[in-house]
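Dropping model13.txt in here (compact mmCIF, C-alpha atoms):
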```txt
# COMPACT_ATOMS: atom_id res chain seq x y z
CA MET E 1 0.00 0.00 0.00
CA SER E 2 2.96 2.29 0.61
CA ASP E 3 3.74 2.20 -3.14
CA PHE E 4 0.25 3.39 -4.13
CA ASN E 5 0.17 6.90 -5.59
CA PHE E 6 -2.95 8.59 -4.22
CA TYR E 7 -4.63 11.69 -5.67
CA LYS E 8 -4.68 14.47 -3.10
CA SER E 9 -7.56 16.96 -2.94
CA ALA E 10 -5.24 19.91 -3.54
CA GLU E 11 -3.82 18.25 -6.64
CA VAL E 12 -7.26 17.63 -8.11
CA TYR E 13 -8.19 21.25 -7.42
CA ARG E 14 -5.07 22.48 -9.22
CA GLU E 15 -6.09 20.54 -12.30
CA LYS E 16 -9.33 22.49 -12.71
CA TYR E 17 -9.13 25.34 -15.24
CA TYR E 18 -11.54 27.41 -17.23
CA GLN E 19 -10.91 27.29 -20.99
CA MET E 20 -10.95 30.39 -23.16
CA PRO E 21 -11.27 29.89 -26.96
CA LYS E 22 -8.12 31.26 -28.63
CA VAL E 23 -10.21 32.31 -31.60
CA PHE E 24 -11.54 35.14 -29.41
CA PHE E 25 -8.14 36.81 -29.89
CA THR E 26 -7.58 36.05 -33.59
CA ASN E 27 -10.94 36.37 -35.34
CA PRO E 28 -12.00 40.00 -35.98
CA LYS E 29 -15.59 38.95 -35.26
CA TYR E 30 -14.73 38.30 -31.60
CA MET E 31 -11.70 40.51 -30.93
CA ASN E 32 -13.88 43.51 -30.00
CA LEU E 33 -15.83 41.56 -27.39
CA SER E 34 -15.29 42.93 -23.91
CA ASN E 35 -13.20 40.86 -21.52
CA ASP E 36 -16.25 40.45 -19.26
CA THR E 37 -18.23 38.95 -22.14
CA LYS E 38 -15.40 36.56 -23.02
CA ILE E 39 -15.16 35.46 -19.38
CA ALA E 40 -18.95 35.02 -19.21
CA TYR E 41 -18.84 32.73 -22.25
CA MET E 42 -16.03 30.76 -20.63
CA LEU E 43 -18.00 30.33 -17.37
CA LEU E 44 -21.20 29.28 -19.14
CA LYS E 45 -19.31 26.82 -21.31
CA ASP E 46 -17.91 25.26 -18.15
CA ARG E 47 -21.48 24.65 -16.92
CA PHE E 48 -22.31 22.26 -19.77
CA ASN E 49 -21.83 19.19 -17.55
CA TYR E 50 -24.20 20.69 -14.98
CA SER E 51 -26.78 21.29 -17.72
CA VAL E 52 -26.60 17.67 -18.86
CA GLN E 53 -26.92 16.42 -15.26
CA SER E 54 -29.96 18.68 -14.80
CA ASN E 55 -31.43 17.35 -18.06
CA TRP E 56 -31.28 20.80 -19.65
CA VAL E 57 -31.27 19.30 -23.15
CA ASP E 58 -34.10 20.09 -25.57
CA GLU E 59 -35.87 17.81 -28.04
CA ASP E 60 -33.15 18.48 -30.65
CA ASP E 61 -30.39 17.37 -28.23
CA ASN E 62 -29.19 20.97 -27.86
CA ILE E 63 -27.73 21.92 -24.48
CA TYR E 64 -29.22 25.02 -22.87
CA PHE E 65 -29.05 26.93 -19.59
CA ASN E 66 -32.18 27.51 -17.56
CA PHE E 67 -30.96 30.55 -15.61
CA THR E 68 -32.90 33.58 -14.43
CA VAL E 69 -31.32 37.02 -14.60
CA GLU E 70 -30.79 36.91 -10.83
CA GLU E 71 -28.97 33.57 -11.11
CA LEU E 72 -26.77 34.93 -13.88
CA MET E 73 -26.02 37.97 -11.73
CA LYS E 74 -24.79 35.64 -9.01
CA LEU E 75 -22.86 33.38 -11.40
CA LEU E 76 -21.12 36.28 -13.19
CA ASN E 77 -20.81 38.39 -10.01
CA CYS E 78 -22.34 41.50 -11.56
CA ARG E 79 -25.50 43.58 -11.61
CA GLU E 80 -28.60 43.40 -13.74
CA GLY E 81 -27.54 45.98 -16.32
CA LYS E 82 -24.23 44.26 -16.93
CA VAL E 83 -25.92 40.89 -17.47
CA ALA E 84 -28.11 42.46 -20.15
CA LYS E 85 -25.06 43.96 -21.90
CA ILE E 86 -23.12 40.69 -21.79
CA LYS E 87 -26.07 38.78 -23.24
CA LYS E 88 -26.51 41.36 -26.00
CA GLU E 89 -22.82 41.23 -26.95
CA LEU E 90 -22.94 37.45 -27.19
CA GLU E 91 -26.16 37.57 -29.21
CA ASP E 92 -24.69 40.08 -31.67
CA VAL E 93 -21.95 37.60 -32.67
CA ASN E 94 -24.20 34.52 -32.57
CA LEU E 95 -22.62 33.09 -29.44
CA LEU E 96 -25.90 33.21 -27.51
CA PHE E 97 -29.49 32.40 -28.49
CA GLN E 98 -32.47 33.00 -26.21
CA LYS E 99 -35.87 31.35 -26.24
CA LYS E 100 -38.61 33.15 -24.36
CA GLY E 101 -39.74 31.27 -21.28
CA ARG E 102 -43.29 30.01 -21.33
CA VAL E 103 -45.94 31.45 -19.05
CA GLN E 104 -47.17 28.55 -16.96
CA GLN E 105 -49.47 27.94 -14.02
CA LYS E 106 -47.99 26.47 -10.87
CA ASP E 107 -49.62 26.13 -7.44
CA GLY E 108 -52.55 28.19 -8.65
CA LYS E 109 -50.31 31.06 -9.75
CA ILE E 110 -49.18 32.21 -13.17
CA LYS E 111 -45.41 32.38 -13.48
CA SER E 112 -43.15 32.99 -16.46
CA ALA E 113 -40.33 30.48 -16.82
CA PRO E 114 -36.83 31.91 -17.33
CA ASN E 115 -35.50 32.19 -20.85
CA LYS E 116 -33.64 29.21 -22.27
CA LEU E 117 -30.08 30.26 -23.10
CA TYR E 118 -28.10 28.44 -25.79
CA LEU E 119 -24.37 28.96 -26.32
CA GLY E 120 -23.18 29.09 -29.91
CA LYS E 121 -19.96 27.55 -31.22
CA PRO E 122 -17.30 30.12 -32.19
CA GLU E 123 -16.46 30.20 -35.88
CA VAL E 124 -12.93 28.97 -36.55
CA THR E 125 -11.52 29.64 -40.02
CA ALA E 126 -8.31 28.50 -41.66
CA GLN E 127 -6.93 32.00 -41.09
CA ASP E 128 -7.63 31.62 -37.36
CA VAL E 129 -5.76 28.32 -37.20
CA PHE E 130 -2.80 29.88 -39.05
CA ALA E 131 -2.83 32.99 -36.82
CA ILE E 132 -2.88 30.91 -33.64
CA LYS E 133 0.02 28.76 -34.85
CA GLU E 134 1.97 31.83 -35.94
CA GLU E 135 1.38 33.52 -32.59
CA GLU E 136 2.65 30.46 -30.74
CA LEU E 137 5.79 30.34 -32.90
CA CYS E 138 6.38 34.09 -32.49
CA SER E 139 6.07 33.76 -28.73
CA SER E 140 8.86 31.19 -28.59
CA ASP E 141 11.05 33.17 -31.03
CA SER E 142 10.58 36.44 -29.15
CA THR E 143 11.84 34.82 -25.95
CA VAL E 144 15.12 33.90 -27.64
CA ASN E 145 15.43 37.32 -29.33
CA ALA E 146 14.81 39.07 -26.02
CA LYS E 147 17.74 37.25 -24.42
CA ILE E 148 20.03 38.15 -27.34
CA ALA E 149 18.87 41.77 -27.25
CA ARG E 150 19.72 42.09 -23.55
CA THR E 151 23.33 41.09 -24.20
CA ALA E 152 23.70 43.39 -27.24
CA GLU E 153 22.18 46.63 -25.95
CA PRO E 154 24.78 47.92 -23.41
CA THR E 155 27.38 48.85 -26.06
CA TYR E 156 24.94 51.31 -27.70
CA ILE E 157 24.06 52.82 -24.35
CA ASN E 158 27.73 53.52 -23.61
CA ASP E 159 28.19 55.17 -27.02
CA SER E 160 25.20 57.42 -26.55
CA THR E 161 26.50 58.43 -23.12
CA VAL E 162 29.80 59.52 -24.66
CA ASN E 163 28.01 61.43 -27.42
CA ALA E 164 25.86 63.18 -24.85
CA LYS E 165 28.95 64.31 -22.90
CA ILE E 166 30.58 65.66 -26.06
CA ALA E 167 27.43 67.56 -26.98
CA ASN E 168 27.29 69.11 -23.53
CA THR E 169 30.83 70.42 -23.80
CA VAL E 170 30.14 72.10 -27.15
CA GLU E 171 27.00 74.03 -26.31
CA PRO E 172 27.85 76.21 -23.25
CA SER E 173 30.11 78.65 -25.15
CA ASN E 174 27.13 79.93 -27.13
CA THR E 175 24.64 80.23 -24.27
CA ASN E 176 26.11 82.83 -21.91
CA GLY E 177 24.29 85.72 -23.51
CA SER E 178 21.05 83.86 -23.93
CA THR E 179 21.04 82.90 -20.23
CA VAL E 180 21.14 86.58 -19.20
CA ASN E 181 18.45 87.45 -21.71
CA ALA E 182 16.29 84.58 -20.43
CA LYS E 183 16.55 85.89 -16.85
CA ILE E 184 15.55 89.41 -17.96
CA ALA E 185 12.67 87.99 -19.96
CA ASP E 186 11.49 86.01 -16.95
CA ASN E 187 11.50 89.13 -14.78
CA LEU E 188 9.55 91.11 -17.38
CA LEU E 189 6.91 88.42 -17.92
CA TYR E 190 6.38 87.49 -14.27
CA SER E 191 3.27 89.40 -13.20
CA SER E 192 -0.23 88.81 -11.87
CA SER E 193 -1.62 89.05 -15.40
CA SER E 194 0.42 86.02 -16.50
CA ILE E 195 -0.95 84.04 -13.56
CA ASP E 196 -4.51 85.02 -14.53
CA THR E 197 -3.85 83.95 -18.11
CA ASN E 198 -2.54 80.58 -17.01
CA ARG E 199 -5.55 80.09 -14.75
CA HIS E 200 -7.84 80.97 -17.62
CA LEU E 201 -6.13 78.44 -19.88
CA LEU E 202 -6.47 75.74 -17.23
CA ASP E 203 -10.16 76.55 -16.69
CA THR E 204 -10.77 76.49 -20.43
CA ARG E 205 -9.03 73.16 -20.79
CA GLU E 206 -11.03 71.65 -17.90
CA ALA E 207 -14.27 72.93 -19.44
CA GLU E 208 -13.36 71.39 -22.79
CA GLN E 209 -12.52 68.07 -21.14
CA GLU E 210 -15.80 68.12 -19.23
CA ALA E 211 -17.69 68.82 -22.45
CA VAL E 212 -16.04 65.85 -24.19
CA LEU E 213 -16.91 63.51 -21.31
CA LEU E 214 -20.53 64.67 -21.22
CA GLU E 215 -20.82 64.33 -25.00
CA ASN E 216 -19.76 60.69 -24.70
CA PHE E 217 -21.88 60.03 -21.60
CA VAL E 218 -24.13 57.45 -23.29
CA THR E 219 -21.15 55.49 -24.61
CA LEU E 220 -19.44 55.60 -21.22
CA MET E 221 -22.53 54.34 -19.41
CA GLN E 222 -22.93 51.46 -21.85
CA ASP E 223 -19.44 50.22 -21.02
CA ASP E 224 -19.40 46.75 -19.50
CA SER E 225 -17.75 47.96 -16.33
CA ILE E 226 -20.86 50.01 -15.50
CA ALA E 227 -23.90 47.92 -14.70
CA THR E 228 -26.94 50.06 -15.49
CA PHE E 229 -30.31 48.92 -16.81
CA VAL E 230 -31.24 52.44 -17.96
CA PRO E 231 -31.96 52.21 -21.72
CA GLU E 232 -30.11 54.24 -24.34
CA ASN E 233 -32.92 56.70 -25.10
CA ALA E 234 -33.23 57.56 -21.39
CA LEU E 235 -29.46 58.03 -21.12
CA SER E 236 -29.54 60.43 -24.10
CA LEU E 237 -32.32 62.41 -22.43
CA ILE E 238 -30.33 62.63 -19.18
CA LYS E 239 -27.28 63.87 -21.11
CA THR E 240 -29.33 66.63 -22.76
CA PHE E 241 -30.55 67.99 -19.42
CA SER E 242 -27.24 67.67 -17.54
CA SER E 243 -24.53 70.31 -17.23
CA THR E 244 -21.67 67.98 -16.33
CA LEU E 245 -20.81 64.31 -16.44
CA LYS E 246 -21.11 64.23 -12.65
CA ASP E 247 -24.70 65.52 -12.84
CA ALA E 248 -25.63 62.92 -15.45
CA LYS E 249 -24.13 60.05 -13.43
CA ARG E 250 -25.94 61.26 -10.31
CA THR E 251 -29.27 61.08 -12.18
CA VAL E 252 -28.59 57.48 -13.21
CA LYS E 253 -27.83 56.62 -9.59
CA ILE E 254 -31.11 58.24 -8.53
CA ILE E 255 -32.99 56.01 -11.00
CA HIS E 256 -31.32 52.91 -9.56
CA ASN E 257 -32.18 54.03 -6.01
CA ALA E 258 -35.79 54.70 -7.03
CA LYS E 259 -36.14 51.18 -8.46
CA TYR E 260 -34.63 49.68 -5.30
CA LYS E 261 -37.03 51.68 -3.11
CA ALA E 262 -39.99 50.56 -5.22
CA GLU E 263 -38.94 46.92 -4.82
CA GLN E 264 -38.88 47.41 -1.04
CA VAL E 265 -42.35 48.97 -1.04
CA ILE E 266 -44.03 46.21 -3.09
CA GLN E 267 -41.69 43.48 -1.75
CA THR E 268 -41.13 42.19 -5.29
CA LYS E 269 -37.97 41.93 -7.37
CA ILE E 270 -38.22 43.84 -10.66
CA VAL E 271 -35.89 42.74 -13.46
CA PHE E 272 -35.98 45.55 -16.02
CA GLU E 273 -34.94 43.28 -18.89
CA GLU E 274 -37.91 40.97 -18.25
CA LEU E 275 -40.59 43.68 -18.03
CA PRO E 276 -41.71 43.20 -21.67
CA LEU E 277 -42.67 39.62 -20.70
CA TYR E 278 -45.25 41.14 -18.35
CA GLY E 279 -46.60 43.49 -21.01
CA VAL E 280 -44.73 46.57 -19.75
CA ASN E 281 -43.45 49.08 -22.31
CA THR E 282 -39.97 49.98 -21.01
CA ASN E 283 -40.03 53.19 -23.09
CA GLU E 284 -42.37 54.54 -20.42
CA LEU E 285 -39.28 55.14 -18.26
CA TYR E 286 -38.14 57.66 -20.89
CA ASN E 287 -41.57 59.34 -20.82
CA THR E 288 -41.47 59.47 -17.01
CA LEU E 289 -38.11 61.28 -17.07
CA LEU E 290 -39.39 63.60 -19.80
CA LYS E 291 -42.34 64.61 -17.62
CA ALA E 292 -39.96 65.43 -14.78
CA TYR E 293 -37.76 67.61 -17.01
CA GLN E 294 -40.83 69.29 -18.48
CA LYS E 295 -42.07 70.21 -15.01
CA GLN E 296 -38.67 71.74 -14.28
CA LYS E 297 -39.14 74.05 -17.28
CA THR E 298 -42.73 75.07 -16.55
CA GLU E 299 -42.82 75.20 -12.75
CA THR E 300 -40.58 76.05 -9.83
CA VAL E 301 -38.86 72.88 -8.66
CA THR E 302 -37.05 72.95 -5.31
CA SER E 303 -35.03 69.77 -5.90
CA MET E 304 -34.79 68.15 -9.32
CA ASP E 305 -33.15 65.08 -7.78
CA ASN E 306 -36.14 64.51 -5.47
CA LEU E 307 -38.56 65.06 -8.34
CA ILE E 308 -36.89 62.45 -10.57
CA PHE E 309 -36.66 60.01 -7.66
CA THR E 310 -40.39 60.37 -6.89
CA TYR E 311 -41.52 60.10 -10.51
CA VAL E 312 -39.39 57.05 -11.27
CA LYS E 313 -40.21 55.30 -7.99
CA ASN E 314 -43.95 55.76 -8.61
CA TRP E 315 -43.60 54.38 -12.15
CA PHE E 316 -41.85 51.26 -10.89
CA ILE E 317 -44.50 50.78 -8.19
CA GLU E 318 -47.65 51.59 -10.18
CA LYS E 319 -46.70 50.29 -13.65
CA ALA E 320 -43.78 47.87 -13.70
CA GLY E 321 -44.24 46.43 -10.21
CA GLN E 322 -48.00 45.95 -10.49
CA ALA E 323 -47.59 44.12 -13.79
CA VAL E 324 -45.16 41.67 -12.18
CA ILE E 325 -47.39 41.19 -9.13
CA GLN E 326 -50.52 40.58 -11.21
CA ALA E 327 -48.72 38.02 -13.38
CA ASN E 328 -47.76 36.05 -10.28
CA GLN E 329 -51.18 36.20 -8.66
CA GLN E 330 -53.78 33.48 -8.85
CA PRO E 331 -55.81 33.88 -12.05
CA LYS E 332 -59.32 35.13 -11.64
CA SER E 333 -62.14 32.68 -12.29
CA GLY E 334 -63.77 33.11 -15.69
CA PRO E 335 -67.41 34.10 -16.23
CA LYS E 336 -70.00 31.46 -15.43
CA ILE E 337 -71.55 29.87 -18.50
CA PRO E 338 -75.25 29.01 -18.10
CA MET E 339 -75.98 25.38 -18.87
CA HIS E 340 -79.32 24.52 -20.45
CA ASP E 341 -80.98 21.30 -19.36
CA TRP E 342 -81.97 19.88 -22.71
CA SER E 343 -83.67 16.89 -21.07
CA GLU E 344 -86.63 19.06 -20.08
CA SER E 345 -87.37 20.00 -23.68
CA VAL E 346 -87.41 16.43 -24.98
```
Starting from the file, give its structure as structure tokens.
Amino acid sequence: MSDFNFYKSAEVYREKYYQMPKVFFTNPKYMNLSNDTKIAYMLLKDRFNYSVQSNWVDEDDNIYFNFTVEELMKLLNCREGKVAKIKKELEDVNLLFQKKGRVQQKDGKIKSAPNKLYLGKPEVTAQDVFAIKEEELCSSDSTVNAKIARTAEPTYINDSTVNAKIANTVEPSNTNGSTVNAKIADNLLYSSSSIDTNRHLLDTREAEQEAVLLENFVTLMQDDSIATFVPENALSLIKTFSSTLKDAKRTVKIIHNAKYKAEQVIQTKIVFEELPLYGVNTNELYNTLLKAYQKQKTETVTSMDNLIFTYVKNWFIEKAGQAVIQANQQPKSGPKIPMHDWSESV
């Protein structure tokens, strides 16, 4: 028994790795995918065995994932808005296909099943195979070249040091007069007006930078590192009515807080991406914000932040939240149909 080579738990753990398709870094179709989306694909692909064990295989023998948005949030360790963006990125390159979950009755209540998610196979072309092989060969060659370069470089550095010393000894003879002139020029230019000019230039530059950031606010908020469910048309509206990027970001945060408060009030989780399944038009969020901005223009508003918070919270409670609650409630009994006793007329 002493000669038996056992597997240790730590060794088995070390053997577990996630696999990332190399084609993600060679095929132009996938190279622009965000790193979060690539990692999400890698994690979902790793769950295939779990899907088979759970019998998540459809009638065509296709493997799918039966995950809700909340479960994906937990699996990918991100928020609702980021899950939606990751799914959209994968869908755009045919790496993800969604089937709408069926509305079904369970325990006397109507519930919508989560969407079925299917992972697509990445396209691998002959060019991809060649690029991957070439990259592997270049990696090994560059290691050798780097070692050779380290041994060859010092001689050039020494030469440049000598040249620099020679150049320094040549220049001073011609600079005595210019040094005096430079000092006089410094004394003449040093005044409060020069300080004001510099301050003005800095302020102008900061204003220009702020304008560029605000102009690209929608693009910045749609970045994968920012998990917001706020749709693009609402983000564009917020940008139009904001003076700075900070103001615009604060408004988005207010919308998130309003949704969270509404969920606490009705004690129901609201997944913005799934609202169309309950018959809710998500464009109504844009209209709700528009009403708030319109009121700001026509009436005296003490706090615009409080106004937006109240409007959005009420919309999530009265529109979005109620639709979710009603869908999960027990269906009402249908109208009674009178039955005629035909035996009496025989």
Could you please determine the separation between CA of Ile270 in chain E and CA of Gln222 in chain E in Å, to one decimal place?
->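 Separation of CA of Ile270 in chain E and CA of Gln222 in chain E: 20.4 Å.
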Compile the contact shell of range 17-22 of chain E as number ranges by chain: residues with an atom at most 9 Å away, counting only C-alpha atoms, same-chain residues fewer than 6 positions apart removed.
-> E: 38-39, 41-43, 45-46, 122, 128, 132
Counting all atoms listed in the file, which residues come within 10 Å of (-38.6, 58.8, -7.8), with the point read in the file's coordinates, and could you list them as an NGL selection string?
-> :E and (254-259 or 261-262 or 288-289 or 292 or 305-317)
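Minimum atom-to-atom distance to Val69 in chain E, evaluated using only C-alpha atoms, belongs to E:Phe272 out of E:Tyr293, E:Tyr286, E:Phe272, E:Phe25.
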Around (-27.9, 26.8, -28.8) in the file's frame, which residues reach within 8 Å when counting all atoms listed in the file? Return as a VMD selection string?
-> chain E and resid 62 to 64 96 to 97 117 to 120
Of the listed residues E:Tyr30, E:Tyr50, E:Phe65, E:Phe229, that which approaches Val124 in chain E most closely, counting all atoms listed in the file |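 Residue with the minimum atom-to-atom distance to Val124 in chain E: E:Tyr30.
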Which of these residues is nearest to Asn328 in chain E, using all atoms listed in the file: E:Glu70, E:Pro28, E:Lys269, E:Asn49?
->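 Nearest candidate to Asn328 in chain E out of E:Glu70, E:Pro28, E:Lys269, E:Asn49: E:Lys269.
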For Ser34 in chain E, work out the shell of residues within 12 Å, counting all atoms listed in the file and skipping chain neighbours fewer than 6 positions away, then give it as a list in words.
->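 Close residues of Ser34 in chain E: Phe24, Phe25, Ala40, Tyr41, Lys82, Lys85, Ile86, Lys87, Lys88, Glu89, Leu90, Gln222, Asp223, Asp224 and Ser225 of chain E.
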Straight-line distance linking CA of Asp61 in chain E with CA of Lys100 in chain E, stated in Å to one decimal =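 Atom-to-atom, CA of Asp61 in chain E and CA of Lys100 in chain E are spaced 18.2 Å apart.
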Surrounding residues of range 322-324 of chain E excluding itself and chain neighbours under 2 positions, 9 Å, all atoms listed in the file, as a JSON list (two decimals) with C-alpha atoms, keeping the file's coordinate frame:
```
[["chain", "number", "residue", "atom", "x", "y", "z"],
["E", 266, "ILE", "CA", -44.03, 46.21, -3.09],
["E", 268, "THR", "CA", -41.13, 42.19, -5.29],
["E", 269, "LYS", "CA", -37.97, 41.93, -7.37],
["E", 270, "ILE", "CA", -38.22, 43.84, -10.66],
["E", 275, "LEU", "CA", -40.59, 43.68, -18.03],
["E", 278, "TYR", "CA", -45.25, 41.14, -18.35],
["E", 279, "GLY", "CA", -46.60, 43.49, -21.01],
["E", 280, "VAL", "CA", -44.73, 46.57, -19.75],
["E", 316, "PHE", "CA", -41.85, 51.26, -10.89],
["E", 317, "ILE", "CA", -44.50, 50.78, -8.19],
["E", 318, "GLU", "CA", -47.65, 51.59, -10.18],
["E", 319, "LYS", "CA", -46.70, 50.29, -13.65],
["E", 320, "ALA", "CA", -43.78, 47.87, -13.70],
["E", 326, "GLN", "CA", -50.52, 40.58, -11.21],
["E", 327, "ALA", "CA", -48.72, 38.02, -13.38],
["E", 328, "ASN", "CA", -47.76, 36.05, -10.28],
["E", 329, "GLN", "CA", -51.18, 36.20, -8.66]]
```
Measure the distance from CA of Ala227 in chain E to CA of Ala84 in chain E in Å and round it to one decimal.
->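 Separation of CA of Ala227 in chain E and CA of Ala84 in chain E: 8.8 Å.
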Choose the residue, out of E:Ala234, E:Lys74, E:Gln127, E:Glu274, that has the smallest atom-to-atom separation from Asn287 in chain E; count all atoms listed in the file.
->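 Among the listed residues, the smallest separation from Asn287 in chain E belongs to E:Ala234.
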Could range 44-59 of chain E be completed with N, CA and C atoms and written as a short mmCIF file (atom, residue, chain, number, x, y, z; two decimals), in the coordinates of the input, please?
```cif
data_model
loop_
_atom_site.label_atom_id
_atom_site.label_comp_id
_atom_site.auth_asym_id
_atom_site.auth_seq_id
_atom_site.Cartn_x
_atom_site.Cartn_y
_atom_site.Cartn_z
N LEU E 44 -20.02 30.01 -18.71
CA LEU E 44 -21.20 29.28 -19.14
C LEU E 44 -20.82 27.97 -19.83
N LYS E 45 -19.77 28.03 -20.62
CA LYS E 45 -19.31 26.82 -21.31
C LYS E 45 -18.90 25.75 -20.29
N ASP E 46 -18.35 26.19 -19.18
CA ASP E 46 -17.91 25.26 -18.15
C ASP E 46 -19.09 24.60 -17.46
N ARG E 47 -20.29 25.18 -17.59
CA ARG E 47 -21.48 24.65 -16.92
C ARG E 47 -22.20 23.60 -17.76
N PHE E 48 -21.64 23.22 -18.90
CA PHE E 48 -22.31 22.26 -19.77
C PHE E 48 -22.60 20.94 -19.04
N ASN E 49 -21.63 20.44 -18.28
CA ASN E 49 -21.83 19.19 -17.55
C ASN E 49 -22.99 19.30 -16.57
N TYR E 50 -23.09 20.46 -15.92
CA TYR E 50 -24.20 20.69 -14.98
C TYR E 50 -25.53 20.70 -15.72
N SER E 51 -25.55 21.25 -16.93
CA SER E 51 -26.78 21.29 -17.72
C SER E 51 -27.22 19.88 -18.10
N VAL E 52 -26.27 19.04 -18.49
CA VAL E 52 -26.60 17.67 -18.86
C VAL E 52 -27.13 16.90 -17.65
N GLN E 53 -26.48 17.09 -16.48
CA GLN E 53 -26.92 16.42 -15.26
C GLN E 53 -28.32 16.87 -14.85
N SER E 54 -28.65 18.13 -15.14
CA SER E 54 -29.96 18.68 -14.80
C SER E 54 -30.99 18.42 -15.90
N ASN E 55 -30.57 17.67 -16.92
CA ASN E 55 -31.43 17.35 -18.06
C ASN E 55 -31.88 18.60 -18.81
N TRP E 56 -30.98 19.59 -18.89
CA TRP E 56 -31.28 20.80 -19.65
C TRP E 56 -30.86 20.57 -21.11
N VAL E 57 -31.50 19.63 -21.75
CA VAL E 57 -31.27 19.30 -23.15
C VAL E 57 -32.62 19.27 -23.84
N ASP E 58 -32.79 20.01 -24.93
CA ASP E 58 -34.10 20.09 -25.57
C ASP E 58 -34.34 18.90 -26.49
N GLU E 59 -35.48 18.93 -27.19
CA GLU E 59 -35.87 17.81 -28.04
C GLU E 59 -34.93 17.59 -29.22
#
```
